[in-house]
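Everything below belongs to entry-v1.txt, which stores compact mmCIF, C-alpha atoms.
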# COMPACT_ATOMS: atom_id res chain seq x y z
CA GLY A 20 -33.25 -55.21 -26.70
CA GLN A 21 -36.92 -55.96 -26.61
CA ASN A 22 -39.09 -58.27 -24.53
CA ILE A 23 -42.09 -59.17 -26.62
CA ASP A 24 -44.91 -61.06 -24.97
CA GLN A 25 -47.93 -62.60 -26.60
CA PRO A 26 -50.15 -65.51 -25.60
CA THR A 27 -49.03 -68.88 -26.88
CA GLU A 28 -52.40 -70.12 -28.04
CA MET A 29 -55.98 -68.93 -28.40
CA THR A 30 -59.15 -70.58 -29.60
CA ALA A 31 -62.27 -68.95 -31.01
CA THR A 32 -65.46 -69.81 -32.84
CA GLU A 33 -66.12 -69.17 -36.51
CA GLY A 34 -67.91 -65.85 -36.93
CA ALA A 35 -66.73 -64.47 -33.61
CA ILE A 36 -64.24 -61.71 -32.75
CA VAL A 37 -60.84 -62.37 -31.20
CA GLN A 38 -58.22 -60.00 -29.80
CA ILE A 39 -54.57 -61.02 -29.71
CA ASN A 40 -52.45 -58.92 -27.36
CA CYS A 41 -48.78 -58.06 -27.57
CA THR A 42 -46.71 -56.23 -24.96
CA TYR A 43 -43.17 -55.06 -25.48
CA GLN A 44 -40.31 -53.12 -23.92
CA THR A 45 -38.01 -50.94 -26.02
CA SER A 46 -35.55 -48.12 -25.54
CA GLY A 47 -36.30 -46.53 -28.91
CA PHE A 48 -39.64 -47.64 -30.36
CA ASN A 49 -39.82 -47.35 -34.13
CA GLY A 50 -42.83 -49.31 -35.24
CA LEU A 51 -44.77 -52.49 -34.59
CA PHE A 52 -45.77 -55.09 -37.16
CA TRP A 53 -48.24 -57.95 -37.19
CA TYR A 54 -47.69 -60.94 -39.46
CA GLN A 55 -49.80 -64.00 -40.17
CA GLN A 56 -48.11 -67.36 -40.64
CA HIS A 57 -49.97 -70.48 -41.72
CA ALA A 58 -48.39 -73.80 -40.81
CA GLY A 59 -45.49 -74.58 -43.12
CA GLU A 60 -45.67 -71.24 -44.89
CA ALA A 61 -43.85 -67.93 -44.77
CA PRO A 62 -45.10 -65.04 -42.61
CA THR A 63 -47.19 -62.50 -44.51
CA PHE A 64 -47.58 -58.86 -43.55
CA LEU A 65 -50.85 -57.77 -41.92
CA SER A 66 -50.34 -54.34 -40.39
CA TYR A 67 -47.92 -51.66 -39.25
CA ASN A 68 -48.43 -49.18 -36.39
CA VAL A 69 -46.06 -46.40 -35.41
CA LEU A 70 -48.52 -43.86 -33.94
CA ASP A 71 -51.05 -44.46 -31.17
CA GLY A 72 -54.50 -45.56 -32.22
CA LEU A 73 -56.38 -48.03 -34.32
CA GLU A 74 -55.57 -49.01 -37.90
CA GLU A 75 -58.40 -50.82 -39.65
CA LYS A 76 -58.05 -53.04 -42.70
CA GLY A 77 -61.18 -54.98 -43.52
CA ARG A 78 -61.74 -57.71 -40.96
CA PHE A 79 -58.39 -57.04 -39.29
CA SER A 80 -57.54 -54.06 -37.08
CA SER A 81 -54.41 -53.27 -35.10
CA PHE A 82 -54.13 -50.97 -32.10
CA LEU A 83 -51.07 -49.37 -30.53
CA SER A 84 -50.42 -47.59 -27.25
CA ARG A 85 -46.78 -46.50 -27.12
CA SER A 86 -47.00 -45.25 -23.53
CA LYS A 87 -48.20 -48.67 -22.38
CA GLY A 88 -45.95 -50.71 -24.67
CA TYR A 89 -49.06 -52.50 -25.87
CA SER A 90 -50.66 -53.54 -29.12
CA TYR A 91 -53.49 -55.81 -30.12
CA LEU A 92 -54.65 -57.42 -33.32
CA LEU A 93 -58.42 -57.66 -33.65
CA LEU A 94 -59.91 -60.21 -36.01
CA LYS A 95 -63.63 -59.92 -36.78
CA GLU A 96 -66.04 -62.36 -38.44
CA LEU A 97 -63.57 -65.17 -37.95
CA GLN A 98 -63.21 -67.72 -40.71
CA MET A 99 -61.67 -71.18 -40.56
CA LYS A 100 -58.83 -69.96 -42.79
CA ASP A 101 -57.83 -67.50 -40.05
CA SER A 102 -56.40 -70.44 -38.10
CA ALA A 103 -52.70 -69.55 -38.11
CA SER A 104 -49.91 -68.16 -35.99
CA TYR A 105 -49.92 -64.38 -35.50
CA LEU A 106 -46.52 -62.78 -34.97
CA CYS A 107 -45.92 -59.45 -33.29
CA ALA A 108 -42.65 -57.73 -34.28
CA VAL A 109 -41.13 -54.52 -32.95
CA ARG A 110 -38.46 -52.20 -34.34
CA ASP A 111 -36.23 -50.67 -31.67
CA THR A 112 -33.71 -48.07 -32.72
CA GLY A 113 -32.49 -47.55 -29.16
CA THR A 114 -29.28 -49.40 -29.83
CA GLY A 115 -27.30 -48.31 -32.86
CA GLY A 116 -30.25 -47.20 -34.95
CA SER A 117 -30.95 -50.64 -36.31
CA TYR A 118 -34.10 -51.17 -38.32
CA ILE A 119 -34.17 -54.90 -37.75
CA PRO A 120 -37.49 -56.03 -36.26
CA THR A 121 -37.52 -58.44 -33.33
CA PHE A 122 -40.29 -61.04 -33.38
CA GLY A 123 -42.33 -62.47 -30.56
CA ARG A 124 -42.93 -66.22 -30.36
CA GLY A 125 -46.29 -65.91 -32.03
CA THR A 126 -49.85 -66.71 -30.98
CA SER A 127 -51.37 -69.84 -32.45
CA LEU A 128 -55.04 -69.14 -33.20
CA ILE A 129 -57.39 -72.07 -33.66
CA VAL A 130 -60.78 -71.29 -35.16
CA HIS A 131 -63.39 -74.01 -34.72
CA PRO A 132 -66.88 -74.35 -36.23
CA GLY B 18 -42.64 -59.40 -60.04
CA ALA B 19 -41.93 -62.69 -58.29
CA GLY B 20 -41.67 -62.91 -54.54
CA VAL B 21 -38.73 -63.99 -52.43
CA SER B 22 -37.55 -67.46 -53.35
CA GLN B 23 -35.36 -69.84 -51.37
CA SER B 24 -33.66 -73.08 -52.19
CA PRO B 25 -33.62 -75.86 -51.36
CA SER B 26 -37.03 -76.12 -49.72
CA ASN B 27 -35.82 -79.04 -47.63
CA LYS B 28 -32.32 -80.14 -46.70
CA VAL B 29 -31.36 -83.19 -44.70
CA THR B 30 -27.71 -83.49 -43.77
CA GLU B 31 -25.46 -85.39 -41.44
CA LYS B 32 -23.89 -83.84 -38.40
CA GLY B 33 -20.55 -82.28 -39.26
CA LYS B 34 -21.34 -81.54 -42.92
CA ASP B 35 -21.48 -78.04 -44.40
CA VAL B 36 -24.66 -76.69 -45.97
CA GLU B 37 -25.48 -73.72 -48.18
CA LEU B 38 -28.90 -72.10 -48.29
CA ARG B 39 -29.84 -69.68 -51.03
CA CYS B 40 -32.14 -66.67 -51.11
CA ASP B 41 -33.30 -64.68 -54.14
CA PRO B 42 -34.88 -61.43 -52.92
CA ILE B 43 -37.51 -59.38 -54.72
CA SER B 44 -35.89 -57.46 -57.56
CA GLY B 45 -35.02 -53.92 -56.49
CA HIS B 46 -35.09 -54.63 -52.76
CA THR B 47 -31.90 -53.39 -51.16
CA ALA B 48 -32.41 -54.90 -47.70
CA LEU B 49 -32.15 -58.63 -47.03
CA TYR B 50 -32.60 -60.47 -43.74
CA TRP B 51 -31.98 -64.02 -42.60
CA TYR B 52 -33.96 -65.51 -39.69
CA ARG B 53 -34.35 -68.99 -38.32
CA GLN B 54 -37.43 -70.46 -36.70
CA SER B 55 -37.31 -73.49 -34.46
CA LEU B 56 -40.45 -75.42 -33.56
CA GLY B 57 -42.60 -73.37 -31.22
CA GLN B 58 -40.16 -70.46 -31.23
CA GLY B 59 -40.28 -67.00 -32.71
CA LEU B 60 -38.18 -65.82 -35.58
CA GLU B 61 -34.56 -65.46 -34.48
CA PHE B 62 -32.63 -62.77 -36.35
CA LEU B 63 -29.35 -63.94 -37.90
CA ILE B 64 -27.94 -61.36 -40.31
CA TYR B 65 -28.98 -58.24 -42.24
CA PHE B 66 -27.66 -56.77 -45.50
CA GLN B 67 -28.45 -53.22 -46.58
CA GLY B 68 -27.16 -52.04 -49.92
CA ASN B 69 -23.38 -51.76 -49.96
CA SER B 70 -23.07 -51.30 -46.20
CA ALA B 71 -21.27 -53.80 -44.02
CA PRO B 72 -23.74 -56.49 -42.95
CA ASP B 73 -25.13 -56.59 -39.42
CA LYS B 74 -23.98 -60.01 -38.19
CA SER B 75 -25.03 -59.51 -34.59
CA GLY B 76 -27.52 -62.39 -34.65
CA LEU B 77 -25.22 -65.13 -35.92
CA PRO B 78 -25.09 -67.77 -33.15
CA SER B 79 -21.53 -68.94 -33.78
CA ASP B 80 -18.61 -68.59 -36.18
CA ARG B 81 -19.88 -71.70 -38.00
CA PHE B 82 -22.50 -69.42 -39.56
CA SER B 83 -21.67 -66.99 -42.35
CA ALA B 84 -23.51 -65.27 -45.15
CA GLU B 85 -22.72 -63.28 -48.23
CA ARG B 86 -24.69 -61.27 -50.70
CA THR B 87 -23.31 -61.02 -54.20
CA GLY B 88 -24.04 -58.05 -56.43
CA GLY B 89 -26.60 -56.71 -53.99
CA SER B 90 -29.02 -59.47 -54.91
CA VAL B 91 -28.73 -63.20 -54.21
CA SER B 92 -27.61 -64.23 -50.73
CA THR B 93 -26.13 -67.48 -49.47
CA LEU B 94 -26.18 -68.58 -45.83
CA THR B 95 -23.49 -71.14 -45.04
CA ILE B 96 -23.44 -73.34 -41.97
CA GLN B 97 -20.21 -75.23 -41.42
CA ARG B 98 -19.86 -78.43 -39.38
CA THR B 99 -23.59 -78.60 -38.79
CA GLN B 100 -24.92 -79.64 -35.39
CA GLN B 101 -28.29 -81.12 -34.48
CA GLU B 102 -29.31 -77.87 -32.79
CA ASP B 103 -29.00 -76.14 -36.17
CA SER B 104 -32.14 -77.97 -37.29
CA ALA B 105 -34.76 -75.29 -37.99
CA VAL B 106 -36.55 -73.46 -40.77
CA TYR B 107 -34.32 -70.76 -42.22
CA LEU B 108 -36.31 -67.82 -43.54
CA CYS B 109 -35.10 -65.05 -45.79
CA ALA B 110 -36.89 -61.72 -46.14
CA SER B 111 -36.30 -58.66 -48.27
CA SER B 112 -37.56 -55.10 -48.08
CA LEU B 113 -37.29 -52.07 -50.28
CA VAL B 114 -34.88 -49.91 -48.34
CA GLY B 115 -34.60 -51.33 -44.81
CA ARG B 116 -36.10 -48.31 -43.10
CA ALA B 117 -38.84 -47.62 -40.57
CA ALA B 118 -42.16 -48.43 -42.24
CA ASP B 119 -40.56 -50.85 -44.66
CA THR B 120 -42.50 -54.10 -44.99
CA GLN B 121 -40.55 -57.34 -45.02
CA TYR B 122 -41.52 -59.94 -47.59
CA PHE B 123 -40.62 -63.47 -46.58
CA GLY B 124 -39.60 -66.43 -48.67
CA PRO B 125 -41.05 -69.91 -48.10
CA GLY B 126 -38.03 -70.98 -46.06
CA THR B 127 -35.60 -73.88 -46.10
CA ARG B 128 -36.29 -76.65 -43.61
CA LEU B 129 -32.92 -77.94 -42.41
CA THR B 130 -32.70 -81.25 -40.61
CA VAL B 131 -29.36 -82.32 -39.16
CA LEU B 132 -29.22 -86.01 -38.31
Full structure transcribed into structure tokens:
Amino acid sequence: GQNIDQPTEMTATEGAIVQINCTYQTSGFNGLFWYQQHAGEAPTFLSYNVLDGLEEKGRFSSFLSRSKGYSYLLLKELQMKDSASYLCAVRDTGTGGSYIPTFGRGTSLIVHP
Amino acid sequence: GAGVSQSPSNKVTEKGKDVELRCDPISGHTALYWYRQSLGQGLEFLIYFQGNSAPDKSGLPSDRFSAERTGGSVSTLTIQRTQQEDSAVYLCASSLVGRAADTQYFGPGTRLTVL
């Protein structure tokens, strides 16, 4: 199985940059996802990393280091609407070749003026 | 087309009653997942359907939980003899083929409250 660790809560100022870290342990890594979930809503897909390096999508970027079992989500030019929970999810095919992602508990990001 | 839909959006039931939760995946998606999310917790995997293959039921917490998927489309999650600890948001997701880079699309969830 996987142990997925991410901070429970973070706060940041509008306009600033914030980095949300995620560490994981797998026996057969097969991709890492970041999702955004606003309170009372469904998670929505942000990014997918399977190779080492940085993937940039507008204000959001995601980084992966497979050797370190580490990823981060970088949010730039923070806006109030970015206040949400950010979920890290990992696919581990080490046991039976399953493609079912396992989710961390999520990081609640609060953006204040 | 339309996204993943779930019904009902909210369900309040008494302890010991059975409940059925419904999920309509995105048309053409062969993979369907059920998760539940308790307050302050991550998404807990329950069950996974992929095409005509036998479902992966490894996440079901007890034999009171079951799910079926008819015609490769709509899925129903059934909880028998509900308990208070079953109270959670039940989320359904679908993806195109259930493989590596496949993105999951989530429905709005059903909030279940067991009194």
Please check the contacts: residues of chain A at most 9 Å away from chain B, using all atoms listed in the file, listed as number ranges by chain. A: 27, 49-50, 52, 59-64, 67-69, 106, 110, 117-125
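Minimum atom-to-atom distances from A:Ile36, A:Met99, A:Ala108, A:Leu51 to A:Phe79 were compared using only C-alpha atoms, and the lowest value belongs to A:Ile36.
Reported to one decimal place, the separation of atom CA of A:Thr126 from atom CA of B:Thr130 is 24.5 Å.
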Neighbours of stretch 77-88 of chain B within 8 Å (all atoms listed in the file; same-chain residues fewer than 3 positions away dropped), as an MDAnalysis selection string? chainID B and resid 62:64 66 74 91:99
Work out how far apart atom CA of B:Ser44 and atom CA of B:Ser111 are and give it in Å to one decimal. 9.4 Å
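Here atom CA of B:Ala105 and atom CA of B:Leu56 stand 7.2 Å from one another.
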Set the distance at 9 Å and use only C-alpha atoms: which residues neighbour A:Glu28 once local chain neighbours fewer than 3 positions away are removed? I'd like the list as a ChimeraX atom specification. /A:25,104,125-129
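Every protein or nucleic acid residue with an atom no more than 8 Å from stretch 91-96 of chain A, counting all atoms listed in the file and leaving out same-chain residues fewer than 6 positions away, appears here: Glu33, Gly34, Ala35, Ile36, Val37, Gln38, Ile39, Asn40, Cys41, Trp53, Arg78, Phe79, Ser80, Ser81, Phe82 and Leu83 of chain A.
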Residue neighbourhood B:Asn69, 9 Å, only C-alpha atoms, exclusion window fewer than 3 positions, as number ranges by chain: B: 47, 66, 72, 89
Could I see stretch 95-106 of chain A restored to all heavy atoms, set down as a PDB file, keeping the file's coordinate frame?
ATOM      1  N   LYS A  95     -62.169 -59.857 -36.828  1.00  0.00           N
ATOM      2  CA  LYS A  95     -63.630 -59.920 -36.780  1.00  0.00           C
ATOM      3  C   LYS A  95     -64.142 -60.978 -37.758  1.00  0.00           C
ATOM      4  O   LYS A  95     -63.439 -61.368 -38.702  1.00  0.00           O
ATOM      5  CB  LYS A  95     -64.225 -58.563 -37.161  1.00  0.00           C
ATOM      6  CG  LYS A  95     -63.782 -57.406 -36.309  1.00  0.00           C
ATOM      7  CD  LYS A  95     -64.352 -56.091 -36.832  1.00  0.00           C
ATOM      8  CE  LYS A  95     -63.789 -54.902 -36.077  1.00  0.00           C
ATOM      9  NZ  LYS A  95     -64.257 -53.618 -36.652  1.00  0.00           N
ATOM     10  N   GLU A  96     -65.370 -61.414 -37.530  1.00  0.00           N
ATOM     11  CA  GLU A  96     -66.040 -62.360 -38.440  1.00  0.00           C
ATOM     12  C   GLU A  96     -65.083 -63.497 -38.796  1.00  0.00           C
ATOM     13  O   GLU A  96     -64.806 -63.773 -39.974  1.00  0.00           O
ATOM     14  CB  GLU A  96     -66.499 -61.643 -39.711  1.00  0.00           C
ATOM     15  CG  GLU A  96     -67.480 -60.505 -39.437  1.00  0.00           C
ATOM     16  CD  GLU A  96     -67.686 -59.620 -40.672  1.00  0.00           C
ATOM     17  OE1 GLU A  96     -67.353 -60.065 -41.799  1.00  0.00           O
ATOM     18  OE2 GLU A  96     -68.142 -58.493 -40.495  1.00  0.00           O
ATOM     19  N   LEU A  97     -64.597 -64.151 -37.766  1.00  0.00           N
ATOM     20  CA  LEU A  97     -63.570 -65.170 -37.950  1.00  0.00           C
ATOM     21  C   LEU A  97     -64.000 -66.241 -38.954  1.00  0.00           C
ATOM     22  O   LEU A  97     -65.153 -66.684 -38.987  1.00  0.00           O
ATOM     23  CB  LEU A  97     -63.245 -65.845 -36.628  1.00  0.00           C
ATOM     24  CG  LEU A  97     -62.299 -65.083 -35.711  1.00  0.00           C
ATOM     25  CD1 LEU A  97     -62.206 -65.776 -34.354  1.00  0.00           C
ATOM     26  CD2 LEU A  97     -60.926 -64.942 -36.331  1.00  0.00           C
ATOM     27  N   GLN A  98     -63.025 -66.637 -39.755  1.00  0.00           N
ATOM     28  CA  GLN A  98     -63.210 -67.720 -40.710  1.00  0.00           C
ATOM     29  C   GLN A  98     -62.220 -68.836 -40.392  1.00  0.00           C
ATOM     30  O   GLN A  98     -61.189 -68.593 -39.745  1.00  0.00           O
ATOM     31  CB  GLN A  98     -62.984 -67.198 -42.137  1.00  0.00           C
ATOM     32  CG  GLN A  98     -63.908 -66.043 -42.509  1.00  0.00           C
ATOM     33  CD  GLN A  98     -63.594 -65.453 -43.872  1.00  0.00           C
ATOM     34  OE1 GLN A  98     -62.804 -65.996 -44.645  1.00  0.00           O
ATOM     35  NE2 GLN A  98     -64.224 -64.316 -44.179  1.00  0.00           N
ATOM     36  N   MET A  99     -62.539 -70.030 -40.849  1.00  0.00           N
ATOM     37  CA  MET A  99     -61.670 -71.180 -40.560  1.00  0.00           C
ATOM     38  C   MET A  99     -60.254 -70.917 -41.074  1.00  0.00           C
ATOM     39  O   MET A  99     -59.274 -71.307 -40.445  1.00  0.00           O
ATOM     40  CB  MET A  99     -62.238 -72.445 -41.195  1.00  0.00           C
ATOM     41  CG  MET A  99     -63.622 -72.826 -40.679  1.00  0.00           C
ATOM     42  SD  MET A  99     -63.603 -73.245 -38.927  1.00  0.00           S
ATOM     43  CE  MET A  99     -62.741 -74.801 -38.969  1.00  0.00           C
ATOM     44  N   LYS A 100     -60.150 -70.215 -42.207  1.00  0.00           N
ATOM     45  CA  LYS A 100     -58.830 -69.960 -42.790  1.00  0.00           C
ATOM     46  C   LYS A 100     -57.980 -69.007 -41.954  1.00  0.00           C
ATOM     47  O   LYS A 100     -56.791 -68.830 -42.225  1.00  0.00           O
ATOM     48  CB  LYS A 100     -58.985 -69.393 -44.206  1.00  0.00           C
ATOM     49  CG  LYS A 100     -59.586 -67.991 -44.235  1.00  0.00           C
ATOM     50  CD  LYS A 100     -59.666 -67.454 -45.647  1.00  0.00           C
ATOM     51  CE  LYS A 100     -60.229 -66.036 -45.658  1.00  0.00           C
ATOM     52  NZ  LYS A 100     -60.311 -65.483 -47.037  1.00  0.00           N
ATOM     53  N   ASP A 101     -58.600 -68.383 -40.934  1.00  0.00           N
ATOM     54  CA  ASP A 101     -57.830 -67.500 -40.050  1.00  0.00           C
ATOM     55  C   ASP A 101     -57.009 -68.288 -39.030  1.00  0.00           C
ATOM     56  O   ASP A 101     -56.208 -67.694 -38.285  1.00  0.00           O
ATOM     57  CB  ASP A 101     -58.758 -66.530 -39.309  1.00  0.00           C
ATOM     58  CG  ASP A 101     -59.494 -65.591 -40.250  1.00  0.00           C
ATOM     59  OD1 ASP A 101     -58.935 -65.266 -41.323  1.00  0.00           O
ATOM     60  OD2 ASP A 101     -60.634 -65.187 -39.915  1.00  0.00           O
ATOM     61  N   SER A 102     -57.217 -69.600 -38.976  1.00  0.00           N
ATOM     62  CA  SER A 102     -56.400 -70.440 -38.100  1.00  0.00           C
ATOM     63  C   SER A 102     -54.954 -70.372 -38.573  1.00  0.00           C
ATOM     64  O   SER A 102     -54.622 -70.780 -39.691  1.00  0.00           O
ATOM     65  CB  SER A 102     -56.881 -71.894 -38.135  1.00  0.00           C
ATOM     66  OG  SER A 102     -58.166 -72.019 -37.575  1.00  0.00           O
ATOM     67  N   ALA A 103     -54.104 -69.801 -37.732  1.00  0.00           N
ATOM     68  CA  ALA A 103     -52.700 -69.550 -38.110  1.00  0.00           C
ATOM     69  C   ALA A 103     -51.986 -69.044 -36.873  1.00  0.00           C
ATOM     70  O   ALA A 103     -52.589 -68.843 -35.813  1.00  0.00           O
ATOM     71  CB  ALA A 103     -52.623 -68.508 -39.224  1.00  0.00           C
ATOM     72  N   SER A 104     -50.689 -68.810 -37.043  1.00  0.00           N
ATOM     73  CA  SER A 104     -49.910 -68.160 -35.990  1.00  0.00           C
ATOM     74  C   SER A 104     -49.821 -66.678 -36.313  1.00  0.00           C
ATOM     75  O   SER A 104     -49.630 -66.307 -37.477  1.00  0.00           O
ATOM     76  CB  SER A 104     -48.516 -68.781 -35.919  1.00  0.00           C
ATOM     77  OG  SER A 104     -47.763 -68.210 -34.867  1.00  0.00           O
ATOM     78  N   TYR A 105     -49.974 -65.825 -35.309  1.00  0.00           N
ATOM     79  CA  TYR A 105     -49.920 -64.380 -35.500  1.00  0.00           C
ATOM     80  C   TYR A 105     -48.697 -63.846 -34.746  1.00  0.00           C
ATOM     81  O   TYR A 105     -48.577 -64.016 -33.531  1.00  0.00           O
ATOM     82  CB  TYR A 105     -51.221 -63.735 -35.037  1.00  0.00           C
ATOM     83  CG  TYR A 105     -52.347 -64.110 -35.963  1.00  0.00           C
ATOM     84  CD1 TYR A 105     -53.045 -65.301 -35.782  1.00  0.00           C
ATOM     85  CD2 TYR A 105     -52.653 -63.319 -37.066  1.00  0.00           C
ATOM     86  CE1 TYR A 105     -54.037 -65.685 -36.674  1.00  0.00           C
ATOM     87  CE2 TYR A 105     -53.646 -63.686 -37.950  1.00  0.00           C
ATOM     88  CZ  TYR A 105     -54.328 -64.876 -37.756  1.00  0.00           C
ATOM     89  OH  TYR A 105     -55.303 -65.258 -38.648  1.00  0.00           O
ATOM     90  N   LEU A 106     -47.812 -63.227 -35.497  1.00  0.00           N
ATOM     91  CA  LEU A 106     -46.520 -62.780 -34.970  1.00  0.00           C
ATOM     92  C   LEU A 106     -46.519 -61.276 -34.778  1.00  0.00           C
ATOM     93  O   LEU A 106     -46.852 -60.532 -35.699  1.00  0.00           O
ATOM     94  CB  LEU A 106     -45.386 -63.162 -35.920  1.00  0.00           C
ATOM     95  CG  LEU A 106     -45.317 -64.609 -36.389  1.00  0.00           C
ATOM     96  CD1 LEU A 106     -44.202 -64.782 -37.413  1.00  0.00           C
ATOM     97  CD2 LEU A 106     -45.089 -65.533 -35.217  1.00  0.00           C
TER      98      LEU A 106
END
